[in-house]
Amino acid sequence: FFIVGLIFIPIGIGIFVTSNNIREIEIDYTGTEPSSPCNKCLSPDVTPCVCTINFTLEKAFEGNVFMYYGLSNFYQNHRRYVKSRDDSQLNGDSSALLNPSKECEPYRRNEDLPVAPCGAIANSMFNDTLELFLIANESDPTPTPIRLIKKGIAWWTDKHVKFRNPPGEGTLEERFKGTTKPINWLKPVYMLDSEEDNNGFINEDFIVWMRTAALPTFRKLYRLIERKNDLHPTLPAGQYYLNITYNYPVHSFDGRKRMILTTVSWMGGKNPFLGIAYITVGSIAFLVGVVLLVINHKYRSTSNTADTVAF
Amino acid sequence: MPCWKEKPPEVERTVKANDREYNEKFQYADNRIHTSKYNIITFLPINLFEQFQRVANAYFLFLLILQLIPEISSLTWFTTIVPLVLVITMTAVKDATDDYFRHKSDNQVNNRQSEVLIDGKLQNEKWMNVKVGDIIKLENNQFVAADLLLLSSSEPHGLCYIETAELDGETNLKVRHALSVTSELGADISRLARFDGTVVCEAPNNKLDKFTGVLSWKDSKHSLNNQKIILRGCVLRNTGWCFGMVIFAGPDTKLMQNSGKTKFKRTSIDRLMNTLVLWIFGFLVCLGIILAIGNSIWENQVGGHFRTFLFWNEEEKNSVFSGFLTFWSYIIILNTVVPISLYVSMEVIRLGHSYFINWDRKMYYTGKAAPAEARTTTLNEELGQIEYVFSDKTGTLTQNIMTFKKCSVNGRIYGEICDDPVHKKVITKEKEAVRFSGQAPAEGSFEFCDHSLMESVKLGDAKVHEFFRLLALCHTVMSEEDHSGKLIYQVQSPDEGALVTAARNCGFIFKSRTPETITIEEMGTLVTYQLLAFLDFNNIRKRMSVIVRNPAGQIKLYSKGADTILFERLHPSSEALLSVTSDHLSEFAGEGLRTLAIAYRDLDEKYFREWHQMLQTASAATHERDDRVSGLYEEIERDLTLLGATAIEDKLQEGVIETIASLSVANIKIWVLTGDKQETAINIGYACTLLTEDMNDVFVIAGNTVGEVREELRKAKGSLFGQNSSVLSGHAACEKQQQLELVSVGEDTVTVTGDYALVINGHSLAHALESDVKNDLLELACLCKAVICCRVTPLQKAQVVELVRKRRNAVTLAIGDGANDVSMIKTAHIGVGISGQEGLQAVLASDYSFAQFRYLQRLLLVHGRWSYFRMCKFLCYFFYKNFAFTLVHFWFGFFCGFSAQTVYDQWFVTLFNIVYTSLPVLAMGIFDQDVSDQNSMDCPQLYEPGQLNLLFNKRKFFICVAHGIYTSLALFFIPYGAFYSTAGEDGQHVADYQSFAVTMATSLVIVVSVQIALDTSYWTVINHVFIWGSIATYFSILFTMHSNGIFEMFPSQFPFVGNVWHSLTQKCVWLVILLTTVASIMPVVAFRFLKMDLHPALTDQIRRWQKAQKKARPVRRRRPQPRRSSSRRSGYAFAHQEGYGELITSGKNMRAKNPPPTSGLEKPLFNSTSWLENLCKKTTDTLSSFSQEKTVKL
């Protein structure tokens, strides 16, 4: 117990401190509050709807910065939702492409054409576009766009093993011939991106979305902001604004949409829970250890006599 | 039995000899027997049907069906079908092999040959072709094929001898005799073939000792009783041949009727398990309902709005209906709280324990090369919970070998100290020399070892000679020479055998007898005595005498009998000797020996003649004959001169005393149920320290009516309380006083101080078992430390066991060796058969068998206790494990919209119970031991937790469940908290469903492995291999499942590709796993420490002691042997049957082909009828005692 205590308390403190050092900012842009600039986008009439949110970074973000979108009250872990996909199709299996698994129902066929990618998960893909601008200083009104990298956000195995475009020659469009886009999508799957290696099923935004979350409140990686050099912080302190192309409706189910910017440490993102939990468990262990020692000391003599009585 | 057709029950059976057509009208069962259950075609359907009758199997089948409905299916079908198919195939294979062996043994029995009289010729027929009404011929030492009416035999007067070992376990011979009309048929085939008698008799039944019927032949009717019937299963002995007519065949025979269906025995843990499984099922339903309601609400509140992204199924429009579906889905997911592997594992563990019992060298009896055998594999843990042991006496406690141990001749004791083995060895060597040269007839088994006696014999001490002469003359033993010319005694009671053998070894060899003479070899010379009168033994007289005339013409009366009786009839001149002998007798009795006093009287010719005259007139008298005869007996058996006394040891089996002592320390109550007489039973009770001298009182219940018995019981109970208080008031011990106060407060649950014993005989027992007296009996019996029931029938044995089993709700064990114990063995929770001398019936009916009573100690205290301990630990752990595993789904339900989404990978759900965690818990269940076997034996108190059911009961179960729930909470909420809003170290998300699943699964496997490591108290290599192996297997399977290769082969079955690398390379995942493990384990460890310190159980102390002992091995102290104080008990105990004297004097059982050397003349015919009359008279006269005796025997 002492050992556990002695090991856990430092770990806990370590984690806690690291976690506190992580910079993180979270911006809710759902727009349910009337004051929010995105409020106008709640009505479905305005398409496309672009809104802008200003925010200030008090402190500079150093190192690589990760940009997430977060959704709340979104049940990506619902059973019917989770199974509504066809991994064979996503793996580029041609037969599955044209004849998706039954699990995808009712997003399996649309107007007699097979849906690619089929299923509820794909159909509900997040399709807001987020752009980040730095307002360099008060004097210069032209904002500097922050370069957001959209590749490298998916797992290597997902991108290279699990997800594959259908095989064949020709353009992606030809390869996806005979399929139709999911109902909710604006564009077909072969037009997700302009780059060939980030298009179709291997589009990383798509892959990230397809990796379903465990909990109804979740974040998904959206973009990377790479550190330029050692001298400048990746995101210096200052005024920023977030430009949102608002497509994704969450209002109907009381969902929330957030944009998160964060740095990471050796143990991942900001998470005070783990540190606190370690400290708590460690202290309890220590306390119990002390109590047990006292009790043991007190009763050892009696149990020894009991031994001699028994034999 | 499959032979039972829709035939109306038989009321009466009519059988005509030699007339198959006639008998076929009635469709009597033929002689074929079936004990097998299936044949090749019916095997599959019947076996499957039987298997699915088991609740567990049906439950899983139901689950399987549920899983096949796509709307409900939350787990793929293979999660259930794989284990289910495995289990069912295993059971089916086991059943099939069992049945195959049954078929084989049936065939063997059905194909036995017997000689049947067909068409006037004797033909060999298979047993199964024997029909009712056939006349079959039996030869010596053959098994009887069916229930026969004895027609004639090779012996005079249609007598024949049978051994009924397979029926009732008695090895002594019984006499059956044919009707005189049929016995005249002899071996005349043609006359037998013409025999056309018709028998009208009772319908088939299972009463071995009863038969009523009438034979009509040649216009006259003859009543038939049990004496004329030979039952299937008997063996013909000492009879050249006999003819019999088949009355009952095959399944109708009394043997088969008695075999009855073996009840499927279950252990109390099994029953507890069943209730628990029901509870768990209820719990499951509750959880399902909660989640279903949750689902309905969720669908209503949240899901309805979530429609944009989550479609609605057509039929799920209604949220209530959706809830309903969810309910079933959750039932499927949560079914793992009662996984099918639980039952499989239990079976495996029990099988393992059974093998341990079979392989236990310490229970291997080298004498007979008989290992202990667990014949049932399902009852092992029950062995650890026994509260009552019901033991047979003969052959179980005792060896059923009587040895002549000591004697007192003319005031001198012979046959001292023989217990010391070293000494004995010397003696045996000396004995060779001591024996009379050329005493070939001396039996090797004789162990008398005081050569001073031999000296006296050699020296020609007249009294000693007279002593042995008496032993050689006064008995009912028959002699016979076997092929090699060796003298063999046919013994009615083993006591007599021992006495005659003793005389034989001392130079007084009983050679042969005729109705009128007895020939003995005295010190090498043949002497023939004329047998003048035979004063037979009976229960009232408790003595027997012979009057003989020796070659010198002297008439002498030799008498042996119970000391109390005999001492009253001594001549005053023996007064001095009497007191000495009396002291000797007390001494013998104190050693648990059975004693007899021996005396003689010289008669003068004239007196005898007169007396003989009177006897003859008395015998011829028509009324009050018995009284007059016994009056005459009384008259002549007086003024006896005391010779001495004998002491026979009814040899206890080895280690019986120690076993009984340690079992009673273990708080196991031992009841002895025996067919023996009260005196014998009490004697044995003392001999094996069941009864001791320091007992406050021994109640003897021997009433003859219900009222009497009740009175006696009430009185005993009254005196029990009364005496208690009086003893205590005398005592100054105030703590006892307090105890008494407690007693008087709680009248019903009294704990009586002081030791009491109850002895009840069969007659009273019959009354005592009647409804209203039952409770009195039980109450009293349970207050007593020892209970001995004597003169009980097999049925009563079973009733007593049943009584305790039902009323006390205690776990009972019955141990016995004879067929008369079968019913008791079958009734008790556990039946143990001693594979001893008395046939195999008991062993075949038993659940466990071994060769010696003393192994019971090891079986219960070591194997039983371990089995119980292991099973309890196993169950606790198993429930804990599965609750921890399954309830995570419940918590997850709150976060996934109650959609019955599993937390883990489907493969993990499938394999968790079968692969990842099954082996360590099996290893623990099989090998774990808290205390070494030696200590278990030395410290019988350790047995008590089992009796009180402390290790696994409802409370324990709830603790396990609570522990499981706690662990599942930790398992779910720590990762939840940690992953709530975090990112991986490379910025990628870790909170996706698959990573979450892997993290939790890994934590779970580690937590349960650590937990089992904590639970294991006895580490073997296998435990290590299994625990580490399981974790290794988990990781290797995990990596395989998440590898690219397998994904490329089956993309849709293994969606977790690449997951493990991502998750397990994250430091925070490992931090989470570590934290989860520690948080789940820590409270348990703390709790155990506290318990060890505050409430150390006996096991803990012993374990500590054991550890200390490993370091320094102290010399183990031996428990001091319990010493008996000697006291005076009359040990007169003949296992004697009245009437043999008559058989001898009338000469009816003398061999015709073995003519007596002196007078080979057969008695004239009228004598034979008179003998038959005698027999009839005897049966009617002594109905009470005799029939009672018979019921005991049969």
# chains A, B, ... in the order shown; residues from 1 in each chain; ligands from 1

call {"tool": "select_by_dssp", "arguments": {"residues": "segment 471-654 of chain B", "states": "strand (DSSP E)", "output": "ChimeraX atom specification"}}
result
/B:478-481,487-490,508-513,517-522,525-535,543-549,555-561,594-603,641-652

call {"tool": "select_by_dssp", "arguments": {"residues": "segment 75-214 of chain A", "states": "alpha helix (DSSP H)", "output": "MDAnalysis selection string"}}
result
chainID A and resid 79:82 87:90 94:98 120:123 156:157 172:175 204:210

call {"tool": "write_last_selection", "arguments": {"atoms": "C-alpha atoms", "output": "PDB file, in the first residue's frame"}}
result
ATOM      1  CA  ARG A  79     -26.104   0.279 -31.708  1.00  0.00           C
ATOM      2  CA  ARG A  80     -28.136   0.840 -34.817  1.00  0.00           C
ATOM      3  CA  TYR A  81     -25.804   3.643 -35.772  1.00  0.00           C
ATOM      4  CA  VAL A  82     -22.594   1.764 -35.079  1.00  0.00           C
ATOM      5  CA  ASP A  87     -16.465  -2.423 -43.958  1.00  0.00           C
ATOM      6  CA  SER A  88     -16.058  -4.458 -47.101  1.00  0.00           C
ATOM      7  CA  GLN A  89     -17.313  -1.642 -49.195  1.00  0.00           C
ATOM      8  CA  LEU A  90     -15.030   0.799 -47.467  1.00  0.00           C
ATOM      9  CA  SER A  94     -16.093  -4.086 -55.793  1.00  0.00           C
ATOM     10  CA  SER A  95     -18.969  -6.427 -55.185  1.00  0.00           C
ATOM     11  CA  ALA A  96     -19.732  -4.766 -51.870  1.00  0.00           C
ATOM     12  CA  LEU A  97     -19.529  -1.416 -53.582  1.00  0.00           C
ATOM     13  CA  LEU A  98     -22.428  -2.188 -55.816  1.00  0.00           C
ATOM     14  CA  ALA A 120     -26.032   5.881 -41.296  1.00  0.00           C
ATOM     15  CA  ILE A 121     -22.535   6.779 -40.162  1.00  0.00           C
ATOM     16  CA  ALA A 122     -21.400   7.858 -43.569  1.00  0.00           C
ATOM     17  CA  ASN A 123     -24.670   9.560 -44.263  1.00  0.00           C
ATOM     18  CA  TRP A 156      -2.177   5.082 -40.520  1.00  0.00           C
ATOM     19  CA  THR A 157      -3.858   1.679 -40.462  1.00  0.00           C
ATOM     20  CA  LEU A 172     -12.276   8.005 -59.124  1.00  0.00           C
ATOM     21  CA  GLU A 173     -15.496   9.033 -60.695  1.00  0.00           C
ATOM     22  CA  GLU A 174     -15.285   6.131 -63.087  1.00  0.00           C
ATOM     23  CA  ARG A 175     -14.413   3.754 -60.335  1.00  0.00           C
ATOM     24  CA  GLU A 204      -9.157  11.601 -44.013  1.00  0.00           C
ATOM     25  CA  ASP A 205     -12.063  13.665 -42.821  1.00  0.00           C
ATOM     26  CA  PHE A 206     -14.265  10.808 -43.847  1.00  0.00           C
ATOM     27  CA  ILE A 207     -12.050   8.215 -42.147  1.00  0.00           C
ATOM     28  CA  VAL A 208     -12.040  10.213 -38.934  1.00  0.00           C
ATOM     29  CA  TRP A 209     -15.766  10.464 -39.006  1.00  0.00           C
ATOM     30  CA  MET A 210     -16.156   6.757 -39.637  1.00  0.00           C
TER      31      MET A 210
END

call {"tool": "residues_around", "arguments": {"residues": "Phe163 of chain A", "least_positions_apart": "4", "cutoff": "7 Å", "atoms": "only C-alpha atoms", "output": "MDAnalysis selection string"}}
result
chainID A and resid 90:91 158:159 201:202

call {"tool": "write_last_selection", "arguments": {"atoms": "C-alpha atoms", "output": "CSV table (one decimal), in the first residue's frame"}}
result
chain,number,residue,atom,x,y,z
A,90,LEU,CA,-15.0,0.8,-47.5
A,91,ASN,CA,-12.2,-1.6,-48.0
A,158,ASP,CA,-7.2,3.2,-41.2
A,159,LYS,CA,-5.9,5.1,-44.2
A,201,PHE,CA,-13.0,6.5,-49.2
A,202,ILE,CA,-9.5,7.5,-48.2

call {"tool": "residues_around", "arguments": {"residues": "Gly12 of chain A", "least_positions_apart": "5", "cutoff": "6 Å", "atoms": "only C-alpha atoms", "output": "MDAnalysis selection string"}}
result
chainID A and resid 275 278:279

call {"tool": "write_last_selection", "arguments": {"atoms": "N, CA, C and O atoms", "output": "PDB file, in the first residue's frame"}}
result
ATOM      1  N   GLY A 275      -5.007  12.772 -13.471  1.00  0.00           N
ATOM      2  CA  GLY A 275      -4.097  13.205 -12.417  1.00  0.00           C
ATOM      3  C   GLY A 275      -4.788  13.185 -11.072  1.00  0.00           C
ATOM      4  O   GLY A 275      -4.263  12.632 -10.093  1.00  0.00           O
ATOM      5  N   TYR A 278      -5.345   9.665  -9.867  1.00  0.00           N
ATOM      6  CA  TYR A 278      -4.133   9.039  -9.345  1.00  0.00           C
ATOM      7  C   TYR A 278      -3.797   9.545  -7.960  1.00  0.00           C
ATOM      8  O   TYR A 278      -3.448   8.784  -7.059  1.00  0.00           O
ATOM      9  N   ILE A 279      -3.906  10.843  -7.806  1.00  0.00           N
ATOM     10  CA  ILE A 279      -3.578  11.402  -6.492  1.00  0.00           C
ATOM     11  C   ILE A 279      -4.531  10.842  -5.442  1.00  0.00           C
ATOM     12  O   ILE A 279      -4.125  10.424  -4.357  1.00  0.00           O
TER      13      ILE A 279
END

call {"tool": "residues_around", "arguments": {"residues": "Val546 of chain B", "least_positions_apart": "5", "cutoff": "8 Å", "atoms": "only C-alpha atoms", "output": "ChimeraX atom specification"}}
result
/B:473-474,531-535,557-559

call {"tool": "closest_residue", "arguments": {"among": "B:Ile293, B:Ile926, B:Met937, B:Ile648", "to": "Ile401 of chain B", "atoms": "only C-alpha atoms"}}
result
B:Ile648

call {"tool": "residues_around", "arguments": {"residues": "Glu103 of chain A", "least_positions_apart": "5", "cutoff": "9 Å", "atoms": "only C-alpha atoms", "output": "VMD selection string"}}
result
chain A and resid 80 83 to 86 108 119

call {"tool": "write_last_selection", "arguments": {"atoms": "C-alpha atoms", "output": "short mmCIF file (atom, residue, chain, number, x, y, z; two decimals), in the first residue's frame"}}
result
data_model
loop_
_atom_site.label_atom_id
_atom_site.label_comp_id
_atom_site.auth_asym_id
_atom_site.auth_seq_id
_atom_site.Cartn_x
_atom_site.Cartn_y
_atom_site.Cartn_z
CA ARG A 80 -28.14 0.84 -34.82
CA LYS A 83 -23.44 -1.22 -37.19
CA SER A 84 -24.80 0.77 -40.07
CA ARG A 85 -21.73 0.54 -42.25
CA ASP A 86 -20.12 -1.88 -44.62
CA ARG A 108 -28.29 1.15 -48.66
CA GLY A 119 -25.00 3.42 -43.95
#

call {"tool": "residues_around", "arguments": {"residues": "Arg541 of chain B", "least_positions_apart": "3", "cutoff": "9 Å", "atoms": "only C-alpha atoms", "output": "list of chain:residue names"}}
result
B:Asp536, B:Phe537, B:Asn538, B:Met544, B:Gly561, B:Ala562, B:Ile565, B:Ser630, B:Glu634

call {"tool": "write_last_selection", "arguments": {"atoms": "N, CA and C atoms", "output": "CSV table (one decimal), in the first residue's frame"}}
result
chain,number,residue,atom,x,y,z
B,536,ASP,N,-31.6,-76.1,22.4
B,536,ASP,CA,-31.3,-75.1,21.4
B,536,ASP,C,-31.3,-73.7,22.0
B,537,PHE,N,-30.7,-72.8,21.3
B,537,PHE,CA,-30.6,-71.4,21.7
B,537,PHE,C,-31.9,-70.7,21.3
B,538,ASN,N,-32.3,-69.8,22.2
B,538,ASN,CA,-33.3,-68.8,21.7
B,538,ASN,C,-33.1,-67.5,22.5
B,544,MET,N,-27.2,-72.1,25.0
B,544,MET,CA,-27.5,-73.3,24.4
B,544,MET,C,-26.7,-74.4,25.1
B,561,GLY,N,-23.4,-69.6,27.2
B,561,GLY,CA,-24.4,-68.6,27.1
B,561,GLY,C,-24.0,-67.3,27.7
B,562,ALA,N,-25.0,-66.4,27.8
B,562,ALA,CA,-24.7,-65.1,28.4
B,562,ALA,C,-24.3,-65.2,29.8
B,565,ILE,N,-27.0,-64.9,32.5
B,565,ILE,CA,-28.0,-66.1,32.6
B,565,ILE,C,-27.3,-67.3,33.2
B,630,SER,N,-39.4,-75.9,27.6
B,630,SER,CA,-38.4,-75.0,28.2
B,630,SER,C,-38.3,-75.1,29.7
B,634,GLU,N,-34.9,-75.7,31.6
B,634,GLU,CA,-34.5,-75.0,32.8
B,634,GLU,C,-34.1,-75.9,33.9

call {"tool": "atom_distance", "arguments": {"atom1": "atom CA of Trp77 of chain B", "atom2": "atom CA of Phe43 of chain B"}}
result
26.8 Å

call {"tool": "closest_residue", "arguments": {"among": "A:Met125, A:Leu192, A:Leu6, A:Ala116", "to": "Pro166 of chain A", "atoms": "only C-alpha atoms"}}
result
A:Ala116

call {"tool": "atom_distance", "arguments": {"atom1": "atom CA of Phe508 of chain B", "atom2": "atom CA of Thr398 of chain B"}}
result
28.0 Å

call {"tool": "atom_distance", "arguments": {"atom1": "atom CA of Ile815 of chain B", "atom2": "atom CA of Ala845 of chain B"}}
result
11.0 Å

call {"tool": "closest_residue", "arguments": {"among": "A:Tyr190, A:Phe66, A:Tyr29, A:Phe286", "to": "chain B", "atoms": "only C-alpha atoms"}}
result
A:Phe66

call {"tool": "decode", "arguments": {"residues": "segment 183-209 of chain A", "atoms": "N, CA and C atoms", "output": "JSON list (two decimals), in the first residue's frame"}}
result
[["chain", "number", "residue", "atom", "x", "y", "z"],
["A", 183, "ILE", "N", -27.75, 10.42, -49.05],
["A", 183, "ILE", "CA", -28.78, 11.44, -49.19],
["A", 183, "ILE", "C", -28.37, 12.79, -48.62],
["A", 184, "ASN", "N", -27.75, 12.76, -47.45],
["A", 184, "ASN", "CA", -27.43, 14.02, -46.78],
["A", 184, "ASN", "C", -26.22, 14.73, -47.38],
["A", 185, "TRP", "N", -25.50, 14.03, -48.19],
["A", 185, "TRP", "CA", -24.27, 14.65, -48.70],
["A", 185, "TRP", "C", -24.59, 15.66, -49.79],
["A", 186, "LEU", "N", -23.68, 16.65, -49.86],
["A", 186, "LEU", "CA", -23.85, 17.63, -50.91],
["A", 186, "LEU", "C", -23.15, 17.16, -52.18],
["A", 187, "LYS", "N", -21.99, 16.55, -51.94],
["A", 187, "LYS", "CA", -21.19, 16.11, -53.08],
["A", 187, "LYS", "C", -21.03, 14.59, -53.00],
["A", 188, "PRO", "N", -20.80, 13.95, -54.14],
["A", 188, "PRO", "CA", -20.50, 12.52, -54.08],
["A", 188, "PRO", "C", -19.13, 12.25, -53.47],
["A", 189, "VAL", "N", -18.90, 11.00, -53.16],
["A", 189, "VAL", "CA", -17.72, 10.64, -52.38],
["A", 189, "VAL", "C", -16.43, 10.92, -53.14],
["A", 190, "TYR", "N", -16.48, 10.86, -54.44],
["A", 190, "TYR", "CA", -15.25, 11.09, -55.20],
["A", 190, "TYR", "C", -14.95, 12.57, -55.41],
["A", 191, "MET", "N", -15.76, 13.42, -54.78],
["A", 191, "MET", "CA", -15.47, 14.85, -54.87],
["A", 191, "MET", "C", -15.21, 15.46, -53.50],
["A", 192, "LEU", "N", -14.81, 14.65, -52.57],
["A", 192, "LEU", "CA", -14.57, 15.16, -51.22],
["A", 192, "LEU", "C", -13.34, 16.05, -51.20],
["A", 193, "ASP", "N", -12.40, 15.75, -52.04],
["A", 193, "ASP", "CA", -11.18, 16.55, -52.03],
["A", 193, "ASP", "C", -10.61, 16.56, -53.44],
["A", 194, "SER", "N", -9.80, 17.51, -53.64],
["A", 194, "SER", "CA", -9.23, 17.62, -54.98],
["A", 194, "SER", "C", -8.03, 16.68, -55.14],
["A", 195, "GLU", "N", -7.36, 16.39, -54.06],
["A", 195, "GLU", "CA", -6.17, 15.56, -54.19],
["A", 195, "GLU", "C", -6.57, 14.09, -54.31],
["A", 196, "GLU", "N", -5.87, 13.40, -55.19],
["A", 196, "GLU", "CA", -6.19, 12.00, -55.47],
["A", 196, "GLU", "C", -6.03, 11.11, -54.23],
["A", 197, "ASP", "N", -4.96, 11.36, -53.45],
["A", 197, "ASP", "CA", -4.70, 10.46, -52.30],
["A", 197, "ASP", "C", -5.47, 10.88, -51.06],
["A", 198, "ASN", "N", -6.38, 11.79, -51.20],
["A", 198, "ASN", "CA", -7.20, 12.17, -50.05],
["A", 198, "ASN", "C", -8.65, 12.26, -50.49],
["A", 199, "ASN", "N", -8.97, 11.43, -51.44],
["A", 199, "ASN", "CA", -10.30, 11.53, -52.01],
["A", 199, "ASN", "C", -10.99, 10.16, -51.96],
["A", 200, "GLY", "N", -12.27, 10.18, -52.14],
["A", 200, "GLY", "CA", -13.01, 8.92, -52.08],
["A", 200, "GLY", "C", -13.03, 8.38, -50.66],
["A", 201, "PHE", "N", -12.92, 7.07, -50.56],
["A", 201, "PHE", "CA", -12.99, 6.46, -49.21],
["A", 201, "PHE", "C", -11.79, 6.81, -48.35],
["A", 202, "ILE", "N", -10.68, 7.19, -49.00],
["A", 202, "ILE", "CA", -9.51, 7.46, -48.17],
["A", 202, "ILE", "C", -9.38, 8.94, -47.83],
["A", 203, "ASN", "N", -10.45, 9.65, -47.98],
["A", 203, "ASN", "CA", -10.46, 11.02, -47.51],
["A", 203, "ASN", "C", -10.37, 10.99, -45.99],
["A", 204, "GLU", "N", -9.43, 11.76, -45.45],
["A", 204, "GLU", "CA", -9.16, 11.60, -44.01],
["A", 204, "GLU", "C", -10.27, 12.15, -43.15],
["A", 205, "ASP", "N", -10.92, 13.17, -43.59],
["A", 205, "ASP", "CA", -12.06, 13.67, -42.82],
["A", 205, "ASP", "C", -13.13, 12.57, -42.71],
["A", 206, "PHE", "N", -13.29, 11.91, -43.82],
["A", 206, "PHE", "CA", -14.26, 10.81, -43.85],
["A", 206, "PHE", "C", -13.84, 9.67, -42.90],
["A", 207, "ILE", "N", -12.55, 9.30, -42.99],
["A", 207, "ILE", "CA", -12.05, 8.22, -42.15],
["A", 207, "ILE", "C", -12.24, 8.55, -40.67],
["A", 208, "VAL", "N", -11.90, 9.81, -40.33],
["A", 208, "VAL", "CA", -12.04, 10.21, -38.93],
["A", 208, "VAL", "C", -13.49, 10.11, -38.50],
["A", 209, "TRP", "N", -14.35, 10.53, -39.36],
["A", 209, "TRP", "CA", -15.77, 10.46, -39.01],
["A", 209, "TRP", "C", -16.22, 9.01, -38.84]]
